[in-house]
$ cat data.txt   # compact mmCIF, C-alpha atoms
# COMPACT_ATOMS: atom_id res chain seq x y z
CA MET P 1 29.96 17.71 -5.86
CA THR P 2 27.72 18.66 -2.93
CA SER P 3 25.69 16.19 -0.86
CA ALA P 4 22.48 17.66 -2.31
CA GLU P 5 23.76 16.99 -5.84
CA LEU P 6 24.73 13.46 -4.90
CA ALA P 7 21.23 12.83 -3.56
CA ALA P 8 19.56 14.30 -6.64
CA LYS P 9 21.76 12.35 -9.07
CA PRO P 10 20.23 8.94 -9.77
CA PRO P 11 22.57 5.93 -9.66
CA LYS P 12 23.47 4.66 -13.11
CA THR P 13 23.88 0.96 -12.33
CA ARG P 14 20.95 -1.35 -11.79
CA PRO P 15 20.79 -2.38 -8.10
CA GLN P 16 20.70 -6.12 -7.39
CA LEU P 17 18.31 -6.98 -4.59
CA GLY P 18 19.43 -9.63 -2.13
CA ARG P 19 18.26 -13.10 -1.16
CA LYS P 20 16.46 -11.97 1.98
CA PHE P 21 14.45 -9.36 0.14
CA HIS P 22 13.43 -11.93 -2.47
CA LEU P 23 12.21 -14.22 0.30
CA LEU P 24 10.12 -11.38 1.70
CA TRP P 25 8.90 -10.48 -1.79
CA SER P 26 7.90 -14.09 -2.45
CA ALA P 27 6.01 -14.24 0.84
CA SER P 28 4.20 -11.03 -0.09
CA ALA P 29 3.32 -12.38 -3.55
CA VAL P 30 1.85 -15.60 -2.16
CA SER P 31 -0.05 -13.77 0.57
CA PHE P 32 -1.55 -11.15 -1.77
CA VAL P 33 -2.92 -13.83 -4.11
CA GLY P 34 -4.55 -15.47 -1.09
CA ASP P 35 -5.91 -12.13 0.08
CA GLY P 36 -7.41 -11.45 -3.34
CA MET P 37 -9.08 -14.87 -3.37
CA ARG P 38 -10.59 -14.28 0.05
CA ASP P 39 -11.67 -10.74 -0.79
CA SER P 40 -13.73 -12.04 -3.70
CA ALA P 41 -15.03 -15.13 -1.86
CA LEU P 42 -16.22 -13.40 1.32
CA PRO P 43 -18.85 -11.21 -0.38
CA LEU P 44 -20.04 -14.24 -2.36
CA LEU P 45 -20.37 -16.23 0.85
CA ALA P 46 -22.17 -13.32 2.55
CA VAL P 47 -24.77 -13.33 -0.23
CA ALA P 48 -25.12 -17.11 0.12
CA VAL P 49 -25.71 -17.11 3.91
CA SER P 50 -27.91 -14.01 4.17
CA GLU P 51 -30.76 -12.63 2.09
CA SER P 52 -30.25 -9.11 3.45
CA PRO P 53 -28.93 -6.60 0.88
CA SER P 54 -26.73 -5.13 3.61
CA ALA P 55 -24.82 -8.39 4.17
CA VAL P 56 -21.99 -7.45 1.83
CA SER P 57 -21.74 -3.99 3.41
CA VAL P 58 -21.45 -5.50 6.89
CA VAL P 59 -18.50 -7.68 5.82
CA SER P 60 -16.87 -4.79 3.92
CA VAL P 61 -17.11 -2.39 6.87
CA ALA P 62 -15.78 -5.05 9.26
CA GLY P 63 -12.75 -5.52 7.02
CA SER P 64 -12.10 -1.77 6.78
CA LEU P 65 -12.40 -0.93 10.49
CA PRO P 66 -8.96 -2.29 11.51
CA PHE P 67 -7.21 0.31 9.37
CA LEU P 68 -8.84 3.00 11.49
CA VAL P 69 -8.74 1.43 14.96
CA MET P 70 -5.46 -0.56 14.72
CA SER P 71 -3.11 1.60 12.68
CA LEU P 72 -1.49 3.52 15.53
CA TYR P 73 -1.08 0.44 17.74
CA ALA P 74 0.35 -1.47 14.76
CA GLY P 75 3.09 1.16 14.59
CA VAL P 76 3.95 0.59 18.24
CA LEU P 77 4.20 -3.16 17.67
CA ALA P 78 6.42 -2.66 14.61
CA ASP P 79 8.84 -0.50 16.63
CA ARG P 80 8.87 -2.72 19.70
CA ALA P 81 9.32 -6.13 18.09
CA ASP P 82 11.67 -8.00 15.81
CA ARG P 83 9.80 -6.92 12.68
CA ARG P 84 10.39 -10.02 10.60
CA ARG P 85 9.45 -12.28 13.49
CA LEU P 86 6.30 -10.22 14.01
CA MET P 87 5.43 -10.68 10.34
CA TRP P 88 5.75 -14.46 10.25
CA THR P 89 3.95 -14.79 13.58
CA ILE P 90 1.02 -12.76 12.22
CA ASP P 91 0.89 -14.88 9.06
CA ALA P 92 1.04 -18.12 11.03
CA ALA P 93 -1.88 -16.94 13.19
CA ARG P 94 -3.85 -15.91 10.10
CA ALA P 95 -3.23 -19.35 8.58
CA VAL P 96 -4.76 -21.02 11.64
CA VAL P 97 -7.77 -18.68 11.64
CA VAL P 98 -8.53 -19.02 7.93
CA LEU P 99 -8.03 -22.79 7.80
CA GLY P 100 -10.35 -23.15 10.78
CA PHE P 101 -12.93 -21.02 9.01
CA ALA P 102 -12.51 -23.08 5.82
CA ALA P 103 -13.32 -26.23 7.83
CA TRP P 104 -16.43 -24.50 9.20
CA VAL P 105 -17.57 -23.61 5.67
CA TYR P 106 -16.90 -27.17 4.52
CA PHE P 107 -18.98 -28.78 7.27
CA GLY P 108 -21.70 -26.13 7.66
CA ALA P 109 -22.87 -22.60 6.97
CA PRO P 110 -21.29 -19.96 9.25
CA PRO P 111 -23.55 -17.03 10.18
CA LEU P 112 -22.99 -13.52 8.86
CA ALA P 113 -21.50 -12.48 12.22
CA ALA P 114 -18.73 -15.07 11.73
CA LEU P 115 -17.90 -13.64 8.30
CA ALA P 116 -17.69 -10.14 9.76
CA ALA P 117 -15.49 -11.40 12.62
CA LEU P 118 -13.16 -13.12 10.13
CA ALA P 119 -12.90 -9.97 8.02
CA PHE P 120 -12.11 -7.90 11.13
CA LEU P 121 -9.48 -10.29 12.51
CA LEU P 122 -7.69 -10.65 9.19
CA GLY P 123 -7.84 -6.89 8.69
CA CYS P 124 -6.13 -6.41 12.06
CA GLY P 125 -3.42 -8.84 10.99
CA GLU P 126 -2.99 -7.13 7.64
CA THR P 127 -2.64 -3.72 9.31
CA VAL P 128 0.17 -4.96 11.57
CA PHE P 129 1.86 -6.99 8.81
CA SER P 130 1.84 -4.13 6.28
CA ASN P 131 3.39 -1.68 8.73
CA ALA P 132 6.07 -4.15 9.80
CA ALA P 133 6.89 -5.01 6.17
CA THR P 134 7.26 -1.36 5.15
CA SER P 135 9.47 -0.75 8.19
CA ALA P 136 11.57 -3.88 7.56
CA ILE P 137 12.47 -3.23 3.91
CA PRO P 138 15.26 -0.69 4.71
CA GLU P 139 16.94 -3.44 6.76
CA LEU P 140 17.11 -5.73 3.70
CA VAL P 141 18.21 -3.42 0.86
CA ARG P 142 20.48 -0.44 0.35
CA ARG P 143 19.02 3.05 0.17
CA ASP P 144 19.61 3.22 -3.62
CA GLN P 145 17.52 0.03 -3.94
CA LEU P 146 14.46 1.30 -2.08
CA ASP P 147 12.50 2.41 -5.14
CA ALA P 148 13.01 -0.93 -6.88
CA ALA P 149 12.13 -2.87 -3.72
CA ASN P 150 9.01 -0.83 -2.97
CA GLY P 151 7.97 -1.07 -6.61
CA ARG P 152 8.11 -4.86 -6.51
CA MET P 153 6.04 -4.95 -3.35
CA GLN P 154 3.45 -2.68 -4.99
CA ALA P 155 3.38 -5.04 -7.99
CA ASN P 156 2.47 -7.92 -5.69
CA MET P 157 -0.54 -6.03 -4.41
CA LEU P 158 -1.72 -5.04 -7.88
CA VAL P 159 -1.16 -8.31 -9.72
CA GLY P 160 -1.81 -10.78 -6.93
CA GLY P 161 -4.35 -8.90 -4.84
CA ASN P 162 -6.29 -7.11 -7.58
CA LEU P 163 -6.04 -9.38 -10.64
CA ILE P 164 -5.03 -13.01 -10.10
CA GLY P 165 -6.43 -13.49 -6.59
CA PRO P 166 -10.00 -12.26 -7.17
CA LEU P 167 -10.30 -14.25 -10.40
CA LEU P 168 -9.09 -17.48 -8.78
CA GLY P 169 -11.25 -16.86 -5.71
CA SER P 170 -14.41 -16.52 -7.78
CA VAL P 171 -13.63 -19.66 -9.81
CA LEU P 172 -12.78 -21.75 -6.74
CA PHE P 173 -15.86 -20.52 -4.86
CA ALA P 174 -18.05 -21.67 -7.74
CA ALA P 175 -16.47 -25.13 -7.44
CA ALA P 176 -16.64 -25.38 -3.63
CA ALA P 177 -17.30 -22.57 -1.16
CA ALA P 178 -14.54 -23.69 1.21
CA SER P 179 -11.84 -23.89 -1.50
CA PRO P 180 -10.68 -20.23 -1.67
CA PHE P 181 -10.42 -20.05 2.12
CA THR P 182 -8.42 -23.28 2.23
CA VAL P 183 -5.97 -21.98 -0.36
CA ASP P 184 -5.79 -18.64 1.47
CA GLY P 185 -4.90 -20.39 4.71
CA VAL P 186 -2.19 -22.41 2.98
CA SER P 187 -0.83 -19.21 1.41
CA PHE P 188 -0.50 -17.61 4.85
CA ALA P 189 1.37 -20.68 6.15
CA LEU P 190 3.76 -20.64 3.18
CA ALA P 191 4.30 -16.88 3.57
CA ALA P 192 5.14 -17.39 7.26
CA VAL P 193 7.80 -19.96 6.35
CA LEU P 194 9.33 -17.67 3.72
CA VAL P 195 9.51 -14.67 6.07
CA ALA P 196 10.98 -16.82 8.86
CA ALA P 197 13.73 -17.87 6.43
CA THR P 198 14.93 -14.24 6.24
CA GLY P 199 16.24 -14.55 9.80
CA ARG P 200 16.08 -12.07 12.62
CA SER P 201 15.40 -8.39 12.21
CA THR P 202 16.55 -5.60 14.51
CA ALA P 203 16.68 -6.65 18.14
CA PRO P 204 13.39 -5.89 19.90
CA ARG P 205 13.41 -3.34 22.69
CA SER P 206 13.57 -4.81 26.17
CA ARG P 207 10.51 -4.49 28.37
CA ALA P 208 12.41 -2.04 30.56
CA ASP P 209 12.78 0.33 27.59
CA ARG P 210 9.10 0.20 26.68
CA ARG P 211 6.77 2.98 27.72
CA PRO P 212 2.97 3.07 27.87
CA VAL P 213 1.35 2.51 24.47
CA LEU P 214 -0.20 5.98 24.35
CA THR P 215 3.17 7.54 25.17
CA GLU P 216 4.86 5.69 22.32
CA ILE P 217 2.04 6.62 19.92
CA ARG P 218 2.43 10.25 20.96
CA GLU P 219 6.18 10.06 20.21
CA GLY P 220 5.44 9.02 16.63
CA ILE P 221 2.83 11.74 16.17
CA THR P 222 5.13 14.36 17.69
CA TRP P 223 8.02 13.41 15.41
CA LEU P 224 5.79 13.62 12.34
CA VAL P 225 4.35 16.99 13.36
CA ARG P 226 7.78 18.47 14.06
CA HIS P 227 9.57 17.14 10.97
CA ARG P 228 8.63 19.66 8.31
CA GLU P 229 9.53 17.63 5.22
CA VAL P 230 7.88 14.35 6.25
CA ARG P 231 4.88 16.31 7.53
CA THR P 232 4.64 17.91 4.10
CA LEU P 233 4.70 14.45 2.49
CA ALA P 234 1.85 13.37 4.78
CA VAL P 235 -0.23 16.40 3.78
CA LEU P 236 0.46 15.77 0.08
CA SER P 237 -0.50 12.10 0.44
CA THR P 238 -3.72 12.90 2.29
CA LEU P 239 -4.84 15.57 -0.17
CA GLY P 240 -3.64 13.53 -3.13
CA ALA P 241 -5.65 10.52 -1.95
CA LEU P 242 -8.68 12.77 -1.47
CA GLY P 243 -8.37 14.14 -5.01
CA CYS P 244 -7.75 10.75 -6.63
CA PHE P 245 -10.62 8.97 -4.91
CA MET P 246 -12.95 11.91 -5.43
CA GLY P 247 -12.49 11.27 -9.14
CA THR P 248 -12.07 7.50 -9.39
CA THR P 249 -15.11 6.77 -7.21
CA MET P 250 -17.25 8.06 -10.07
CA MET P 251 -15.74 5.80 -12.72
CA VAL P 252 -18.40 3.11 -12.35
CA LEU P 253 -21.12 5.71 -12.90
CA MET P 254 -19.23 7.25 -15.81
CA VAL P 255 -19.19 3.85 -17.50
CA THR P 256 -22.76 2.75 -16.74
CA ARG P 257 -24.78 5.99 -16.59
CA VAL P 258 -22.90 8.62 -18.58
CA ILE P 259 -21.41 6.49 -21.36
CA HIS P 260 -24.21 3.89 -21.04
CA ALA P 261 -21.86 0.95 -21.52
CA PRO P 262 -22.58 -2.57 -20.18
CA ALA P 263 -21.72 -3.12 -16.52
CA ALA P 264 -19.10 -5.69 -17.52
CA SER P 265 -17.14 -2.87 -19.18
CA TYR P 266 -16.26 -1.57 -15.72
CA GLY P 267 -14.07 -4.64 -15.26
CA ILE P 268 -12.06 -3.59 -18.29
CA VAL P 269 -11.51 -0.17 -16.72
CA LEU P 270 -10.33 -1.70 -13.42
CA ALA P 271 -7.99 -4.04 -15.26
CA ALA P 272 -6.51 -1.08 -17.16
CA GLY P 273 -5.83 0.73 -13.88
CA ALA P 274 -4.09 -2.33 -12.47
CA ILE P 275 -1.99 -2.63 -15.63
CA GLY P 276 -0.94 1.02 -15.36
CA GLY P 277 -0.01 0.60 -11.71
CA THR P 278 1.90 -2.59 -12.43
CA ALA P 279 3.86 -0.81 -15.16
CA ALA P 280 4.82 1.91 -12.67
CA SER P 281 5.93 -0.64 -10.07
CA THR P 282 7.95 -2.59 -12.66
CA LEU P 283 9.66 0.54 -13.97
CA ALA P 284 10.29 2.09 -10.53
CA GLY P 285 13.95 1.10 -10.37
CA ARG P 286 14.61 2.28 -13.93
CA LEU P 287 12.85 5.61 -13.33
CA SER P 288 14.98 6.16 -10.22
CA ARG P 289 18.08 5.88 -12.41
CA LEU P 290 16.75 8.17 -15.14
CA LEU P 291 15.01 10.92 -13.14
CA ASN P 292 15.73 12.53 -9.80
CA ARG P 293 13.27 12.20 -6.93
CA GLY P 294 11.61 15.58 -7.36
CA THR P 295 11.00 15.03 -11.07
CA ARG P 296 9.41 11.64 -10.37
CA ILE P 297 7.05 13.16 -7.79
CA ALA P 298 6.08 16.02 -10.11
CA LEU P 299 5.48 13.55 -12.95
CA ALA P 300 3.17 11.48 -10.74
CA PHE P 301 0.94 14.44 -9.81
CA LEU P 302 0.93 15.70 -13.41
CA LEU P 303 -0.23 12.33 -14.75
CA MET P 304 -2.93 11.90 -12.11
CA GLY P 305 -4.30 15.43 -12.47
CA VAL P 306 -4.41 15.54 -16.26
CA ALA P 307 -5.84 12.01 -16.52
CA LEU P 308 -8.75 12.78 -14.16
CA LEU P 309 -9.56 16.05 -15.96
CA LEU P 310 -9.62 14.29 -19.33
CA MET P 311 -11.64 11.42 -17.86
CA GLY P 312 -14.31 13.95 -16.98
CA LEU P 313 -14.58 14.68 -20.73
CA ALA P 314 -14.48 11.03 -21.85
CA THR P 315 -17.19 9.66 -24.14
CA SER P 316 -16.16 5.98 -24.45
CA VAL P 317 -15.07 3.07 -22.29
CA ALA P 318 -11.77 2.92 -24.18
CA GLU P 319 -11.00 6.52 -23.18
CA VAL P 320 -11.88 5.93 -19.53
CA ALA P 321 -9.79 2.74 -19.44
CA ALA P 322 -6.75 4.38 -21.04
CA LEU P 323 -6.95 7.37 -18.70
CA TYR P 324 -7.37 5.15 -15.65
CA ALA P 325 -4.22 3.28 -16.70
CA VAL P 326 -2.40 6.64 -16.67
CA THR P 327 -3.94 7.45 -13.28
CA GLY P 328 -2.81 4.09 -11.92
CA PHE P 329 0.72 4.73 -13.17
CA GLY P 330 0.78 8.09 -11.42
CA MET P 331 -0.71 6.80 -8.16
CA VAL P 332 1.78 3.95 -7.82
CA THR P 333 4.72 6.17 -8.81
CA TRP P 334 3.78 8.66 -6.09
CA ASN P 335 3.28 5.90 -3.51
CA ILE P 336 6.74 4.49 -4.19
CA GLN P 337 8.41 7.91 -3.88
CA ALA P 338 6.60 8.73 -0.63
CA VAL P 339 7.40 5.36 0.97
CA SER P 340 11.07 5.50 -0.04
CA LEU P 341 11.49 9.03 1.32
CA ARG P 342 9.91 8.04 4.64
CA GLN P 343 12.12 5.00 4.91
CA GLN P 344 15.19 7.19 4.43
CA ALA P 345 14.18 10.14 6.61
CA VAL P 346 12.53 8.57 9.66
CA PRO P 347 14.76 7.11 12.41
CA LYS P 348 14.66 3.32 12.43
CA ASP P 349 13.28 3.07 15.95
CA LEU P 350 10.36 5.39 15.04
CA LEU P 351 9.62 4.17 11.53
CA GLY P 352 6.69 1.93 12.47
CA ARG P 353 4.90 4.62 14.46
CA VAL P 354 5.46 7.37 11.89
CA ASN P 355 4.31 4.99 9.13
CA SER P 356 1.14 4.27 11.10
CA CYS P 357 0.30 7.98 11.48
CA TYR P 358 1.05 8.58 7.81
CA MET P 359 -1.08 5.68 6.58
CA LEU P 360 -3.97 6.61 8.86
CA LEU P 361 -4.02 10.12 7.38
CA ALA P 362 -3.92 8.69 3.84
CA ARG P 363 -6.81 6.33 4.68
CA LEU P 364 -8.85 9.28 5.97
CA GLY P 365 -8.08 11.10 2.70
CA ILE P 366 -9.38 8.12 0.72
CA MET P 367 -12.58 7.91 2.76
CA SER P 368 -13.16 11.67 2.55
CA GLY P 369 -12.61 11.72 -1.21
CA ALA P 370 -15.05 8.87 -1.75
CA ALA P 371 -17.68 10.49 0.47
CA LEU P 372 -17.30 13.94 -1.13
CA SER P 373 -17.49 12.37 -4.58
CA GLY P 374 -20.98 11.02 -4.00
CA TRP P 375 -22.22 14.26 -2.46
CA ILE P 376 -20.81 16.45 -5.25
CA ALA P 377 -22.23 14.18 -7.95
CA SER P 378 -25.66 14.24 -6.31
CA VAL P 379 -25.85 18.05 -6.23
CA SER P 380 -24.09 18.64 -9.57
CA SER P 381 -23.21 15.96 -12.13
CA ILE P 382 -21.25 12.72 -12.30
CA ARG P 383 -18.45 14.43 -14.23
CA THR P 384 -17.94 17.22 -11.66
CA PRO P 385 -15.98 15.19 -9.05
CA LEU P 386 -13.54 14.17 -11.79
CA PHE P 387 -12.91 17.81 -12.69
CA ILE P 388 -12.53 18.86 -9.04
CA GLY P 389 -10.27 15.91 -8.19
CA GLY P 390 -8.06 16.55 -11.22
CA GLY P 391 -7.90 20.26 -10.44
CA LEU P 392 -6.87 19.54 -6.84
CA LEU P 393 -4.06 17.24 -8.03
CA LEU P 394 -2.74 19.88 -10.43
CA ALA P 395 -2.86 22.44 -7.62
CA LEU P 396 -0.80 20.02 -5.53
CA LEU P 397 1.63 19.77 -8.46
CA VAL P 398 2.26 23.50 -8.12
CA ALA P 399 2.96 22.98 -4.41
CA VAL P 400 5.31 20.09 -5.25
CA LEU P 401 7.32 22.30 -7.60
CA PHE P 402 7.84 24.82 -4.80
CA LEU P 403 8.78 22.05 -2.36
CA LEU P 404 11.33 20.29 -4.55
CA PRO P 405 14.36 21.93 -2.87
CA ARG P 406 13.14 20.74 0.56
CA MET P 407 12.67 17.19 -0.71
CA THR P 408 16.14 17.19 -2.26
CA ALA P 409 17.61 18.48 1.01
CA MET P 410 15.76 15.78 2.99
CA GLU P 411 17.13 13.02 0.78
CA ALA P 412 20.61 14.53 0.95
CA ALA P 413 20.46 14.63 4.74
CA ALA P 414 19.35 11.01 4.84
CA ALA P 415 22.20 10.05 2.50
CA ALA P 416 24.73 11.88 4.68
CA ALA P 417 23.40 10.20 7.81
CA ALA P 418 23.54 6.79 6.16
CA THR P 419 27.11 7.39 4.97
CA SER P 420 28.33 8.53 8.38
CA GLY P 421 26.60 5.60 10.05
CA ALA P 422 28.08 3.12 7.62
CA SER P 423 31.63 4.50 7.98
CA GLY P 424 31.69 3.48 11.64
CA ALA P 425 31.00 -0.15 10.82
CA SER P 426 32.37 -0.66 7.31
CA GLY P 427 33.63 -4.15 8.01
CA ALA P 428 30.34 -5.35 9.37
CA SER P 429 28.35 -3.75 6.57
CA GLY P 430 30.62 -5.34 3.98
CA ALA P 431 30.01 -8.77 5.46
CA SER P 432 26.29 -8.10 5.59
CA ALA P 433 26.20 -6.97 1.98
CA GLY P 434 27.98 -10.15 0.94
CA GLU P 435 25.39 -12.24 2.78
CA GLU P 436 22.43 -10.33 1.28
CA GLN P 437 23.64 -10.52 -2.29
$ encode --input "data.txt" --output "structure tokens"
Amino acid sequence: MTSAELAAKPPKTRPQLGRKFHLLWSASAVSFVGDGMRDSALPLLAVAVSESPSAVSVVSVAGSLPFLVMSLYAGVLADRADRRRLMWTIDAARAVVVLGFAAWVYFGAPPLAALAALAFLLGCGETVFSNAATSAIPELVRRDQLDAANGRMQANMLVGGNLIGPLLGSVLFAAAAASPFTVDGVSFALAAVLVAATGRSTAPRSRADRRPVLTEIREGITWLVRHREVRTLAVLSTLGALGCFMGTTMMVLMVTRVIHAPAASYGIVLAAGAIGGTAASTLAGRLSRLLNRGTRIALAFLLMGVALLLMGLATSVAEVAALYAVTGFGMVTWNIQAVSLRQQAVPKDLLGRVNSCYMLLARLGIMSGAALSGWIASVSSIRTPLFIGGGLLLALLVAVLFLLPRMTAMEAAAAAAATSGASGASGASGASAGEEQ
């Protein structure tokens, strides 16, 4: 059997993730619930401290800016440092910041500028933490476990950050404005302890080996540009994000203005999307054993494209909710495949910087899709962005079908490299596997 066939053939046994990964997963779960609480409480506090209608927008923009201005530097930090130590240090710092802010809220009313500063600082920390976590996962699990591990991390974001956290944050804010921030600060402290318990990561580069920040950023960009397969993944992610958000941005208007349903119905649609995404993250390991990588990627684009096209024809909230659940399943499935392929293909000492370039491009795709959605709807109709977004995703599906051999070859090359690297240190890897399991 060839190396390409080995890479395409899914493993038949269910991979058991190790103790260190479960510590990291637990830290992520706790932190995402805290993030969701804060994300719902900050806009409520902005409304309480300012009568300006733009108050919520100011806080939202301040929280989004770090993903644009910090992403590339976050990649440098992730490649320079002990990644797990960087993660728990960031969480410890965020615990201090949020608990201090909670005390301020308890004893007085912070101005809007303080809310914006908090959102910006925590966004910077989240940008660094997320990159380091994505880069650290391949150090904790085997390559055949990556889909399952990434799926569980995605589930934390969906369940904790999008469902449980916002609900708890709203309830606690109604009881006492400082409560959700206090719990968020405690969650960061607990997450820091859990990550620290995983031990040391790869040894950080010495100062003598470090180059100017811009030089190291350029190395990551250059690697991404020159690596055809990972570059193709970046283009697919950027265009896929553009197509998805071109369509999903219009869902609130589909519900309230086209279908003329109550505004509260939009919450049902969002919950359905989170449920679909959670199902994809939960089933990620099983799908990796049933279907090869290329089939999983093609399935993701097919589901997203068809669901958005049908959503453009929907006439009820139930239809929109069901189709958004399918969209969520496809989006999370694609995210897991793309992350796992990057983790396998990119050299360990460049993974943080390549991840940062990749995620910045995806973020630009999201912003562009949302902006184009509003413009297209204003000059045409609310349904039109859904049709265009779905059509773009199906066009990308055609491209994916042509690119499947390259993706299979990339995974096979990564498998061969991992096998050759492991053969030189089989005794050490055996001891490490025993410790992890």
$ residues_around --input "data.txt" --residues "P:Asn355" --least-positions-apart "4" --cutoff "10 Å" --atoms "only C-alpha atoms" --output "list of chain:residue names"
P:Ser71, P:Leu72, P:Ala74, P:Gly75, P:Ala78, P:Ser130, P:Asn131, P:Ala132, P:Thr134, P:Ser135, P:Gly220, P:Ile221, P:Leu224, P:Ala234, P:Val339, P:Arg342, P:Gln343, P:Val346, P:Leu350, P:Leu351, P:Met359, P:Leu360, P:Leu361
$ atom_distance --input "data.txt" --atom1 "atom CA of P:Cys244" --atom2 "atom CA of P:Ile366"
8.0 Å
$ residues_around --input "data.txt" --residues "stretch 87-104 of chain P" --least-positions-apart "5" --cutoff "8 Å" --atoms "all atoms listed in the file" --output "ChimeraX atom specification"
/P:109-110,118,122,125,128-129,132-133,178-179,181-182,184-189,191-193,195-196
$ closest_residue --input "data.txt" --among "P:Leu172, P:Val105, P:Leu23, P:Leu386" --to "P:Ser373" --atoms "only C-alpha atoms"
P:Leu386
$ residues_around --input "data.txt" --residues "stretch 307-318 of chain P" --least-positions-apart "2" --cutoff "6 Å" --atoms "all atoms listed in the file" --output "list of chain:residue names"
P:Ile259, P:Leu303, P:Met304, P:Gly305, P:Val320, P:Ala321, P:Leu323, P:Thr327, P:Arg383, P:Leu386, P:Phe387, P:Gly390
$ closest_residue --input "data.txt" --among "P:Val47, P:Leu290, P:Ala338, P:Ala55" --to "P:Leu146" --atoms "only C-alpha atoms"
P:Ala338
$ atom_distance --input "data.txt" --atom1 "atom CA of P:Val33" --atom2 "atom CA of P:Gln344"
29.0 Å
